[in-house]
>>> print(open('entry38.txt').read())   # compact mmCIF, C-alpha atoms and all ligand atoms
# COMPACT_ATOMS: atom_id res chain seq x y z
CA MET A 1 -20.66 -14.00 -3.61
CA THR A 2 -17.02 -13.95 -2.50
CA LYS A 3 -14.61 -12.41 -4.97
CA LYS A 4 -12.02 -14.65 -6.61
CA ARG A 5 -8.62 -14.11 -5.03
CA VAL A 6 -6.18 -12.78 -7.61
CA ALA A 7 -3.12 -15.02 -7.87
CA ILE A 8 0.26 -14.11 -9.32
CA PRO A 9 -0.25 -16.20 -12.50
CA ASP A 10 -3.56 -14.35 -13.10
CA LEU A 11 -1.87 -10.95 -13.41
CA ASN A 12 -0.88 -11.26 -17.07
CA ASP A 13 -4.26 -12.83 -17.93
CA TYR A 14 -6.07 -9.86 -16.38
CA LYS A 15 -3.94 -7.53 -18.47
CA GLU A 16 -4.52 -9.51 -21.63
CA ALA A 17 -8.26 -9.54 -20.98
CA GLY A 18 -8.26 -5.77 -20.39
CA ARG A 19 -9.57 -6.23 -16.83
CA LYS A 20 -8.04 -3.39 -14.80
CA LEU A 21 -6.43 -4.23 -11.47
CA ALA A 22 -7.40 -2.24 -8.37
CA MET A 23 -4.71 -2.00 -5.71
CA ILE A 24 -4.81 0.06 -2.52
CA THR A 25 -2.42 0.37 0.38
CA ALA A 26 -3.29 -0.80 3.88
CA TYR A 27 -1.14 -0.87 6.98
CA ASP A 28 -3.27 -2.52 9.64
CA TYR A 29 -6.10 -4.97 10.33
CA PRO A 30 -9.10 -2.60 10.08
CA THR A 31 -7.99 -0.89 6.85
CA ALA A 32 -7.13 -4.27 5.32
CA ARG A 33 -10.59 -5.58 6.18
CA ILE A 34 -12.20 -2.54 4.59
CA ALA A 35 -10.05 -2.81 1.45
CA ALA A 36 -10.79 -6.53 1.10
CA ALA A 37 -14.52 -6.13 1.73
CA ALA A 38 -14.62 -3.29 -0.81
CA GLY A 39 -13.26 -5.58 -3.50
CA ALA A 40 -9.60 -4.54 -3.91
CA ASP A 41 -7.71 -7.05 -6.04
CA MET A 42 -4.41 -6.39 -4.30
CA ILE A 43 -3.30 -4.74 -1.09
CA LEU A 44 0.07 -3.05 -0.87
CA VAL A 45 1.64 -2.79 2.54
CA GLY A 46 3.58 0.25 1.36
CA ASP A 47 6.54 1.76 3.12
CA SER A 48 4.44 4.92 2.86
CA LEU A 49 3.62 3.52 6.30
CA GLY A 50 6.47 5.85 7.34
CA ASN A 51 4.78 9.09 6.29
CA VAL A 52 1.14 8.07 6.40
CA VAL A 53 0.89 6.18 9.67
CA LEU A 54 4.08 6.71 11.66
CA GLY A 55 4.41 10.44 10.97
CA TYR A 56 7.98 10.42 9.60
CA GLU A 57 8.92 12.96 6.95
CA SER A 58 9.96 10.25 4.51
CA THR A 59 9.86 6.50 4.02
CA ALA A 60 13.59 6.14 4.77
CA PRO A 61 13.35 5.34 8.52
CA VAL A 62 10.94 2.42 8.04
CA THR A 63 12.50 -0.87 9.16
CA LEU A 64 12.07 -4.44 7.97
CA GLN A 65 10.60 -5.41 11.35
CA GLN A 66 7.96 -2.66 11.10
CA MET A 67 6.99 -3.94 7.65
CA VAL A 68 6.76 -7.49 9.01
CA GLU A 69 4.43 -6.41 11.84
CA HIS A 70 2.18 -4.33 9.58
CA CYS A 71 2.12 -6.99 6.86
CA ARG A 72 1.02 -9.58 9.42
CA ALA A 73 -1.80 -7.33 10.58
CA VAL A 74 -2.91 -6.75 6.97
CA LYS A 75 -2.86 -10.47 6.20
CA ARG A 76 -5.02 -11.15 9.24
CA GLY A 77 -7.56 -8.70 7.87
CA ALA A 78 -7.41 -9.65 4.21
CA ASP A 79 -6.37 -13.19 3.57
CA ASN A 80 -8.56 -13.28 0.44
CA CYS A 81 -6.41 -10.57 -1.24
CA LEU A 82 -3.01 -10.70 -2.86
CA VAL A 83 -0.82 -8.89 -0.33
CA ILE A 84 2.37 -7.23 -1.56
CA CYS A 85 4.85 -5.91 0.99
CA ASP A 86 7.35 -3.14 0.30
CA MET A 87 11.03 -3.75 0.94
CA PRO A 88 12.05 -0.67 2.91
CA PHE A 89 15.09 1.49 2.21
CA GLY A 90 18.36 -0.16 3.20
CA THR A 91 17.08 -3.73 3.14
CA TYR A 92 17.97 -4.71 -0.43
CA GLU A 93 20.61 -2.34 -1.82
CA VAL A 94 23.73 -3.75 -0.14
CA SER A 95 23.88 -7.11 -1.91
CA ARG A 96 21.66 -9.71 -3.57
CA GLU A 97 22.12 -11.87 -0.46
CA GLN A 98 20.82 -9.05 1.74
CA ALA A 99 17.84 -8.57 -0.58
CA LEU A 100 17.07 -12.29 -0.57
CA GLN A 101 17.28 -12.50 3.21
CA SER A 102 14.99 -9.46 3.61
CA ALA A 103 12.45 -10.73 1.10
CA ILE A 104 12.40 -14.15 2.77
CA THR A 105 11.73 -12.45 6.12
CA LEU A 106 8.79 -10.51 4.63
CA MET A 107 7.33 -13.72 3.17
CA LYS A 108 7.99 -16.05 6.14
CA GLU A 109 7.36 -13.70 9.05
CA GLY A 110 5.11 -11.10 7.44
CA GLY A 111 3.11 -13.54 5.36
CA ALA A 112 3.53 -11.45 2.19
CA ASP A 113 2.46 -13.03 -1.09
CA ALA A 114 4.93 -10.86 -3.02
CA VAL A 115 7.40 -8.06 -2.37
CA LYS A 116 7.96 -4.72 -4.08
CA LEU A 117 11.19 -2.82 -4.44
CA GLU A 118 12.07 0.54 -5.92
CA GLY A 119 14.67 1.05 -8.61
CA GLY A 120 15.43 0.85 -12.32
CA SER A 121 17.75 -1.31 -14.42
CA ALA A 122 20.44 -1.40 -11.72
CA PHE A 123 18.06 -3.49 -9.61
CA ALA A 124 17.30 -6.06 -12.30
CA PRO A 125 19.92 -8.49 -10.89
CA VAL A 126 18.27 -8.25 -7.45
CA ILE A 127 14.86 -8.99 -8.95
CA LYS A 128 16.36 -11.95 -10.82
CA THR A 129 17.81 -13.37 -7.61
CA LEU A 130 14.51 -13.09 -5.74
CA SER A 131 12.54 -14.40 -8.66
CA LEU A 132 14.80 -17.46 -9.04
CA ALA A 133 14.22 -18.13 -5.34
CA GLY A 134 10.48 -18.25 -6.02
CA ILE A 135 9.65 -14.82 -4.63
CA PRO A 136 7.23 -12.79 -6.79
CA VAL A 137 8.55 -9.25 -7.15
CA PHE A 138 6.80 -6.03 -8.14
CA GLY A 139 9.16 -3.38 -9.56
CA HIS A 140 8.63 0.34 -8.92
CA ILE A 141 10.02 3.03 -11.22
CA GLY A 142 9.44 6.71 -11.96
CA LEU A 143 9.16 8.77 -8.82
CA THR A 144 10.72 6.52 -6.23
CA PRO A 145 10.07 7.96 -2.75
CA GLN A 146 13.04 6.18 -1.12
CA THR A 147 15.45 8.14 -3.34
CA LEU A 148 13.46 11.36 -3.57
CA SER A 149 16.39 13.66 -2.87
CA GLN A 150 18.39 12.12 -5.74
CA LEU A 151 15.43 12.89 -8.04
CA GLY A 152 15.25 16.48 -6.78
CA GLY A 153 11.94 16.05 -4.94
CA HIS A 154 8.43 15.28 -6.12
CA ARG A 155 9.04 15.69 -9.87
CA VAL A 156 6.99 14.13 -12.61
CA GLN A 157 9.14 11.69 -14.61
CA GLY A 158 9.08 10.99 -18.36
CA LYS A 159 8.75 14.56 -19.54
CA THR A 160 11.55 14.34 -22.11
CA GLU A 161 12.52 11.81 -24.77
CA GLU A 162 15.63 10.88 -22.79
CA SER A 163 13.66 10.25 -19.63
CA ALA A 164 10.99 8.32 -21.58
CA LEU A 165 13.57 6.00 -23.13
CA SER A 166 15.32 5.40 -19.85
CA LEU A 167 12.02 4.54 -18.09
CA LEU A 168 11.04 2.20 -20.92
CA GLU A 169 14.41 0.46 -20.79
CA ALA A 170 14.16 0.13 -17.00
CA ALA A 171 10.68 -1.40 -17.21
CA GLN A 172 11.84 -3.89 -19.85
CA ASP A 173 14.89 -4.83 -17.80
CA LEU A 174 12.71 -5.47 -14.74
CA GLU A 175 10.32 -7.61 -16.77
CA GLU A 176 13.21 -9.58 -18.24
CA ALA A 177 14.62 -10.09 -14.75
CA GLY A 178 11.36 -11.73 -13.68
CA ALA A 179 9.26 -8.94 -12.16
CA VAL A 180 5.58 -9.93 -12.11
CA ALA A 181 4.32 -6.34 -12.37
CA VAL A 182 5.74 -2.82 -12.26
CA VAL A 183 4.42 0.17 -10.36
CA LEU A 184 4.78 3.39 -12.36
CA GLU A 185 4.72 6.44 -10.10
CA CYS A 186 4.29 10.02 -11.30
CA ILE A 187 5.10 9.37 -14.94
CA THR A 188 3.56 11.28 -17.84
CA GLN A 189 0.59 9.37 -19.18
CA GLU A 190 2.10 9.12 -22.66
CA VAL A 191 5.22 7.36 -21.40
CA ALA A 192 3.32 5.16 -18.94
CA GLY A 193 0.99 4.08 -21.76
CA LYS A 194 3.95 3.18 -23.97
CA ILE A 195 5.54 1.18 -21.16
CA ASP A 196 2.32 -0.71 -20.60
CA GLU A 197 2.08 -1.52 -24.32
CA ALA A 198 5.68 -2.73 -24.41
CA LEU A 199 5.36 -5.16 -21.50
CA ASP A 200 3.49 -8.44 -21.05
CA ILE A 201 3.34 -7.95 -17.28
CA PRO A 202 0.87 -5.40 -15.88
CA THR A 203 1.81 -1.86 -14.98
CA ILE A 204 0.14 -0.42 -11.90
CA GLY A 205 -0.01 3.34 -12.08
CA ILE A 206 -0.06 6.01 -9.41
CA GLY A 207 -0.10 9.40 -11.07
CA ALA A 208 0.68 7.70 -14.39
CA GLY A 209 -2.59 8.07 -16.30
CA ALA A 210 -5.25 5.71 -17.57
CA GLY A 211 -3.05 3.64 -19.89
CA CYS A 212 -1.75 1.42 -17.08
CA SER A 213 -3.12 -2.08 -16.48
CA GLY A 214 -4.17 -1.11 -12.96
CA GLN A 215 -4.10 1.71 -10.45
CA VAL A 216 -2.91 2.05 -6.87
CA LEU A 217 -3.62 4.78 -4.35
CA VAL A 218 -2.83 5.23 -0.68
CA PHE A 219 -5.79 4.22 1.51
CA HIS A 220 -5.61 7.36 3.65
CA ASP A 221 -5.67 9.55 0.51
CA VAL A 222 -8.71 7.75 -0.94
CA VAL A 223 -10.75 8.21 2.24
CA GLY A 224 -9.44 11.69 2.99
CA LEU A 225 -7.64 10.92 6.24
CA ASN A 226 -4.49 12.68 5.19
CA ASP A 227 -5.71 16.26 5.07
CA ALA A 228 -2.19 17.72 5.31
CA PHE A 229 -1.00 16.41 1.92
CA LYS A 230 -2.93 15.95 -1.31
CA PRO A 231 -0.89 15.20 -4.43
CA HIS A 232 -2.37 16.23 -7.83
CA PHE A 233 -3.07 12.59 -8.81
CA VAL A 234 -5.10 11.75 -5.71
CA LYS A 235 -8.84 11.47 -6.01
CA GLN A 236 -10.35 11.79 -2.55
CA TYR A 237 -13.59 9.80 -2.34
CA LEU A 238 -14.49 10.74 1.22
CA GLN A 239 -13.82 13.59 3.64
CA GLY A 240 -12.70 11.04 6.23
CA ALA A 241 -10.66 13.35 8.46
CA GLN A 242 -13.51 15.85 8.66
CA LEU A 243 -16.09 13.15 9.45
CA MET A 244 -13.84 11.59 12.09
CA LYS A 245 -13.11 14.98 13.66
CA GLU A 246 -16.85 15.65 13.89
CA ALA A 247 -17.46 12.26 15.52
CA VAL A 248 -14.69 12.73 18.09
CA ALA A 249 -15.81 16.30 18.79
CA SER A 250 -19.36 15.02 19.47
CA PHE A 251 -17.97 12.41 21.87
CA CYS A 252 -15.92 15.03 23.74
CA GLN A 253 -18.86 17.38 23.92
CA GLU A 254 -21.23 14.65 25.19
CA VAL A 255 -18.74 13.51 27.83
CA ARG A 256 -18.48 17.09 29.11
CA SER A 257 -22.24 17.65 29.05
CA GLY A 258 -23.00 14.26 30.60
CA ALA A 259 -25.06 13.19 27.58
CA PHE A 260 -22.80 10.15 27.22
CA PRO A 261 -23.05 7.44 28.47
CA THR A 262 -26.81 6.92 28.76
CA LEU A 263 -28.30 3.75 30.26
CA GLU A 264 -28.07 2.17 26.83
CA TYR A 265 -24.28 2.20 27.08
CA SER A 266 -24.07 1.11 30.76
CA PHE A 267 -24.37 -2.19 32.64
CA GLN A 268 -26.99 -2.73 35.38
CA MET A 269 -27.03 -5.01 38.44
CA GLU A 270 -30.02 -7.26 39.12
CA PRO A 271 -32.45 -5.30 41.40
CA GLU A 272 -31.97 -7.85 44.25
CA GLU A 273 -28.22 -7.42 44.24
CA ARG A 274 -28.56 -3.69 43.88
CA LYS A 275 -30.60 -3.46 47.11
CA LYS A 276 -27.70 -5.00 49.03
CA ILE A 277 -25.34 -2.20 48.24
CA ASP A 278 -27.74 0.72 48.63
O1 LIG B 1 4.62 2.86 -0.32
C1 LIG B 1 3.67 3.06 -1.09
O2 LIG B 1 2.54 3.38 -0.68
C2 LIG B 1 3.90 2.91 -2.53
C3 LIG B 1 2.82 3.38 -3.43
C4 LIG B 1 2.85 4.85 -3.48
C5 LIG B 1 2.92 2.76 -4.76
O3 LIG B 1 4.92 2.47 -2.91
>>> encode(input="entry38.txt", output="structure tokens")
Amino acid sequence: MTKKRVAIPDLNDYKEAGRKLAMITAYDYPTARIAAAAGADMILVGDSLGNVVLGYESTAPVTLQQMVEHCRAVKRGADNCLVICDMPFGTYEVSREQALQSAITLMKEGGADAVKLEGGSAFAPVIKTLSLAGIPVFGHIGLTPQTLSQLGGHRVQGKTEESALSLLEAAQDLEEAGAVAVVLECITQEVAGKIDEALDIPTIGIGAGAGCSGQVLVFHDVVGLNDAFKPHFVKQYLQGAQLMKEAVASFCQEVRSGAFPTLEYSFQMEPEERKKID
């Protein structure tokens, strides 16, 4: 039976019904197909593309055009999933017009169903502009990778009362501005739970505990492809890098020994034709 495609208006209903939302990142056609076939409700074409796939040290260098290309590939692999595309650093901070233009590009050229942008209350006016233009927007607060240096690195947010109140206010401002959901990254579970309780829209946690309405993880972390970096909140369900290394090592070894390719993996001429070239 094919799974019902989650639509934007369903998000609040899922939350109200206590049905948790499963979101995973994907950056290309094969990972999108796997995520969709595995039953993900939503796929995030995250700008973690920068670190995870393109090998940059941060998400900052990722461009709008790269997001468009990767979003298109994901949509081709998973058109039965809600696909959310990240707005990369520098494509929405300059003005509301810039943000609107960038979001339109991600929807029109990338085929995104919704966009996500990082930032607290200061970005509420941007979310309002996009939302009024009919663009569904996911907010993203807490540890915001695009502004990591301003936060002092990978630090858990919401450890103090002051931080808790400011996160709560930010989440409420984003909801009021029209955000359809908010990603909460690396926030203490107590504060994330309170934010979820205070909002009608779902919260999608990553390192924010079980009180969120849904969870998101990076595809490569879930399947263990990123063996160089494993944050505390990541549950690795497969030793993917190890398994892939073993497979490639077997291929290399069989090429060198001549064990590959056997007849099974080769093409043969008809015997009559063969005689003519012997
Ligand atoms: O870019 C990304 O993968 C994200 C998730 C970490 C939420 O924003």
>>> closest_residue(input="entry38.txt", among="A:Asp79, A:Ile187, A:Glu264, A:Phe123", to="A:Tyr29", atoms="only C-alpha atoms")
A:Asp79
>>> residues_around(input="entry38.txt", residues="A:Leu148", least_positions_apart="3", cutoff="12 Å", atoms="all atoms listed in the file", output="ChimeraX atom specification")
/A:57-60,89,118-119,141-145,151-157,185
>>> residues_near_ligand(input="entry38.txt", ligand="ligand LIG 1 (chain B)", cutoff="9 Å", atoms="only C-alpha atoms and all ligand atoms", output="ChimeraX atom specification")
/A:24-26,44-50,52,59,85-86,88,116-118,140,144-145,183-185,204-206,216-219
>>> closest_residue(input="entry38.txt", among="A:Ile104, A:Ala112, A:Gln150, A:Gly55", to="A:Arg72", atoms="only C-alpha atoms")
A:Ala112
>>> closest_residue(input="entry38.txt", among="A:Ala164, A:Leu225, A:Gln172, A:Gln98", to="A:Asp200", atoms="only C-alpha atoms")
A:Gln172
>>> atom_distance(input="entry38.txt", atom1="atom CA of A:Ala114", atom2="atom CA of A:Leu167")
22.7 Å
>>> residues_near_point(input="entry38.txt", point="(-9.4, 13.9, 3.9)", cutoff="6 Å", atoms="only C-alpha atoms", output="list in words")
Gly224, Leu225, Asn226, Asp227, Gln239, Gly240 and Ala241 of chain A
>>> closest_residue(input="entry38.txt", among="A:Arg96, A:Ala177, A:Ala103, A:Gln146", to="A:Ser121", atoms="all atoms listed in the file")
A:Ala177
>>> atom_distance(input="entry38.txt", atom1="atom CA of A:Cys212", atom2="atom CA of A:Lys20")
8.2 Å
>>> closest_residue(input="entry38.txt", among="A:Glu93, A:Asp13, A:Asp28, A:Asp278", to="A:Val74", atoms="only C-alpha atoms")
A:Asp28
>>> residues_near_point(input="entry38.txt", point="(-4.5, -5.8, -2.3)", cutoff="8 Å", atoms="all atoms listed in the file", output="PyMOL selection string")
chain A and resi 22-25+35-36+40-44+81-84
>>> axis_aligned_box(input="entry38.txt", around="stretch 68-77 of chain A", padding_each_side="6 Å", output="JSON")
{"center_x": -0.4, "center_y": -7.7, "center_z": 9.0, "size_x": 26.3, "size_y": 18.8, "size_z": 17.6}
>>> closest_residue(input="entry38.txt", among="A:Glu190, A:Glu109, A:Glu273, A:Asp10", to="A:Gly158", atoms="all atoms listed in the file")
A:Glu190
>>> atom_distance(input="entry38.txt", atom1="atom CA of A:Glu175", atom2="atom CA of A:Gly111")
24.0 Å
>>> residues_around(input="entry38.txt", residues="A:Thr91", least_positions_apart="4", cutoff="10 Å", atoms="all atoms listed in the file", output="PyMOL selection string")
chain A and resi 62-64+87+95+98-103+117
>>> residues_around(input="entry38.txt", residues="A:Lys15", least_positions_apart="4", cutoff="9 Å", atoms="all atoms listed in the file", output="list in words")
Asp10, Leu11, Arg19, Lys20, Leu21, Asp200, Ile201, Pro202, Thr203, Ser213 and Gly214 of chain A
>>> residues_around(input="entry38.txt", residues="A:Leu168", least_positions_apart="5", cutoff="8 Å", atoms="all atoms listed in the file", output="ChimeraX atom specification")
/A:191,194-195
>>> residues_around(input="entry38.txt", residues="A:Val137", least_positions_apart="2", cutoff="8 Å", atoms="all atoms listed in the file", output="ChimeraX atom specification")
/A:114-117,127,130-131,135,139,178-181
>>> write_last_selection(input="entry38.txt", atoms="C-alpha atoms", output="compact mmCIF listing (two decimals), in the frame of the given file")
# COMPACT_ATOMS: atom_id res chain seq x y z
CA ALA A 114 4.93 -10.86 -3.02
CA VAL A 115 7.40 -8.06 -2.37
CA LYS A 116 7.96 -4.72 -4.08
CA LEU A 117 11.19 -2.82 -4.44
CA ILE A 127 14.86 -8.99 -8.95
CA LEU A 130 14.51 -13.09 -5.74
CA SER A 131 12.54 -14.40 -8.66
CA ILE A 135 9.65 -14.82 -4.63
CA GLY A 139 9.16 -3.38 -9.56
CA GLY A 178 11.36 -11.73 -13.68
CA ALA A 179 9.26 -8.94 -12.16
CA VAL A 180 5.58 -9.93 -12.11
CA ALA A 181 4.32 -6.34 -12.37
>>> decode(input="entry38.txt", residues="stretch 135-210 of chain A", atoms="C-alpha atoms", output="mmCIF file, in the first residue's frame")
data_model
loop_
_atom_site.group_PDB
_atom_site.id
_atom_site.type_symbol
_atom_site.label_atom_id
_atom_site.label_comp_id
_atom_site.auth_asym_id
_atom_site.auth_seq_id
_atom_site.Cartn_x
_atom_site.Cartn_y
_atom_site.Cartn_z
ATOM 1 C CA ILE A 135 5.356 29.853 0.341
ATOM 2 C CA PRO A 136 5.265 27.400 3.272
ATOM 3 C CA VAL A 137 8.205 28.105 5.581
ATOM 4 C CA PHE A 138 9.870 25.948 8.217
ATOM 5 C CA GLY A 139 11.726 27.947 10.887
ATOM 6 C CA HIS A 140 14.957 26.689 12.468
ATOM 7 C CA ILE A 141 16.155 27.853 15.887
ATOM 8 C CA GLY A 142 18.576 26.722 18.586
ATOM 9 C CA LEU A 143 21.913 25.693 17.165
ATOM 10 C CA THR A 144 21.875 27.302 13.751
ATOM 11 C CA PRO A 145 24.816 25.974 11.700
ATOM 12 C CA GLN A 146 24.923 28.990 9.351
ATOM 13 C CA THR A 147 25.795 31.271 12.285
ATOM 14 C CA LEU A 148 27.829 28.781 14.295
ATOM 15 C CA SER A 149 30.705 31.149 15.029
ATOM 16 C CA GLN A 150 28.315 33.727 16.512
ATOM 17 C CA LEU A 151 27.015 30.989 18.853
ATOM 18 C CA GLY A 152 30.562 30.017 19.845
ATOM 19 C CA GLY A 153 30.517 26.628 18.086
ATOM 20 C CA HIS A 154 28.476 23.488 18.629
ATOM 21 C CA ARG A 155 26.876 24.476 21.950
ATOM 22 C CA VAL A 156 23.656 23.088 23.325
ATOM 23 C CA GLN A 157 21.057 25.867 23.590
ATOM 24 C CA GLY A 158 18.407 26.400 26.284
ATOM 25 C CA LYS A 159 20.552 25.590 29.283
ATOM 26 C CA THR A 160 19.561 28.682 31.267
ATOM 27 C CA GLU A 161 16.264 30.409 32.024
ATOM 28 C CA GLU A 162 17.286 33.368 29.864
ATOM 29 C CA SER A 163 18.096 31.159 26.905
ATOM 30 C CA ALA A 164 14.891 29.144 27.419
ATOM 31 C CA LEU A 165 12.721 32.266 27.378
ATOM 32 C CA SER A 166 14.436 33.675 24.340
ATOM 33 C CA LEU A 167 13.998 30.393 22.402
ATOM 34 C CA LEU A 168 10.341 30.200 23.414
ATOM 35 C CA GLU A 169 9.745 33.787 22.308
ATOM 36 C CA ALA A 170 11.517 33.134 19.001
ATOM 37 C CA ALA A 171 9.417 30.026 18.313
ATOM 38 C CA GLN A 172 6.206 31.928 19.081
ATOM 39 C CA ASP A 173 7.244 34.826 16.851
ATOM 40 C CA LEU A 174 7.952 32.430 13.973
ATOM 41 C CA GLU A 175 4.590 30.729 14.435
ATOM 42 C CA GLU A 176 2.816 34.088 14.528
ATOM 43 C CA ALA A 177 4.640 35.119 11.352
ATOM 44 C CA GLY A 178 3.202 32.094 9.547
ATOM 45 C CA ALA A 179 5.835 29.358 9.876
ATOM 46 C CA VAL A 180 4.268 25.939 9.278
ATOM 47 C CA ALA A 181 6.745 24.100 11.533
ATOM 48 C CA VAL A 182 9.942 24.846 13.439
ATOM 49 C CA VAL A 183 13.114 22.789 13.567
ATOM 50 C CA LEU A 184 14.671 22.812 17.034
ATOM 51 C CA GLU A 185 18.362 21.937 16.900
ATOM 52 C CA CYS A 186 20.487 21.029 19.923
ATOM 53 C CA ILE A 187 18.125 22.383 22.552
ATOM 54 C CA THR A 188 17.725 20.903 26.027
ATOM 55 C CA GLN A 189 14.802 18.503 26.048
ATOM 56 C CA GLU A 190 13.003 20.457 28.776
ATOM 57 C CA VAL A 191 12.961 23.659 26.735
ATOM 58 C CA ALA A 192 12.145 21.888 23.461
ATOM 59 C CA GLY A 193 9.211 20.153 25.177
ATOM 60 C CA LYS A 194 7.907 23.481 26.491
ATOM 61 C CA ILE A 195 8.196 25.044 23.041
ATOM 62 C CA ASP A 196 6.281 22.164 21.504
ATOM 63 C CA GLU A 197 3.529 22.535 24.114
ATOM 64 C CA ALA A 198 3.284 26.282 23.500
ATOM 65 C CA LEU A 199 2.868 26.036 19.718
ATOM 66 C CA ASP A 200 0.066 24.746 17.497
ATOM 67 C CA ILE A 201 2.521 24.036 14.669
ATOM 68 C CA PRO A 202 4.805 20.997 14.959
ATOM 69 C CA THR A 203 8.357 21.180 16.218
ATOM 70 C CA ILE A 204 10.853 18.911 14.507
ATOM 71 C CA GLY A 205 13.750 18.112 16.788
ATOM 72 C CA ILE A 206 17.362 17.260 16.096
ATOM 73 C CA GLY A 207 19.165 16.820 19.381
ATOM 74 C CA ALA A 208 16.128 18.293 21.161
ATOM 75 C CA GLY A 209 14.665 15.273 22.944
ATOM 76 C CA ALA A 210 11.483 13.262 22.649
#
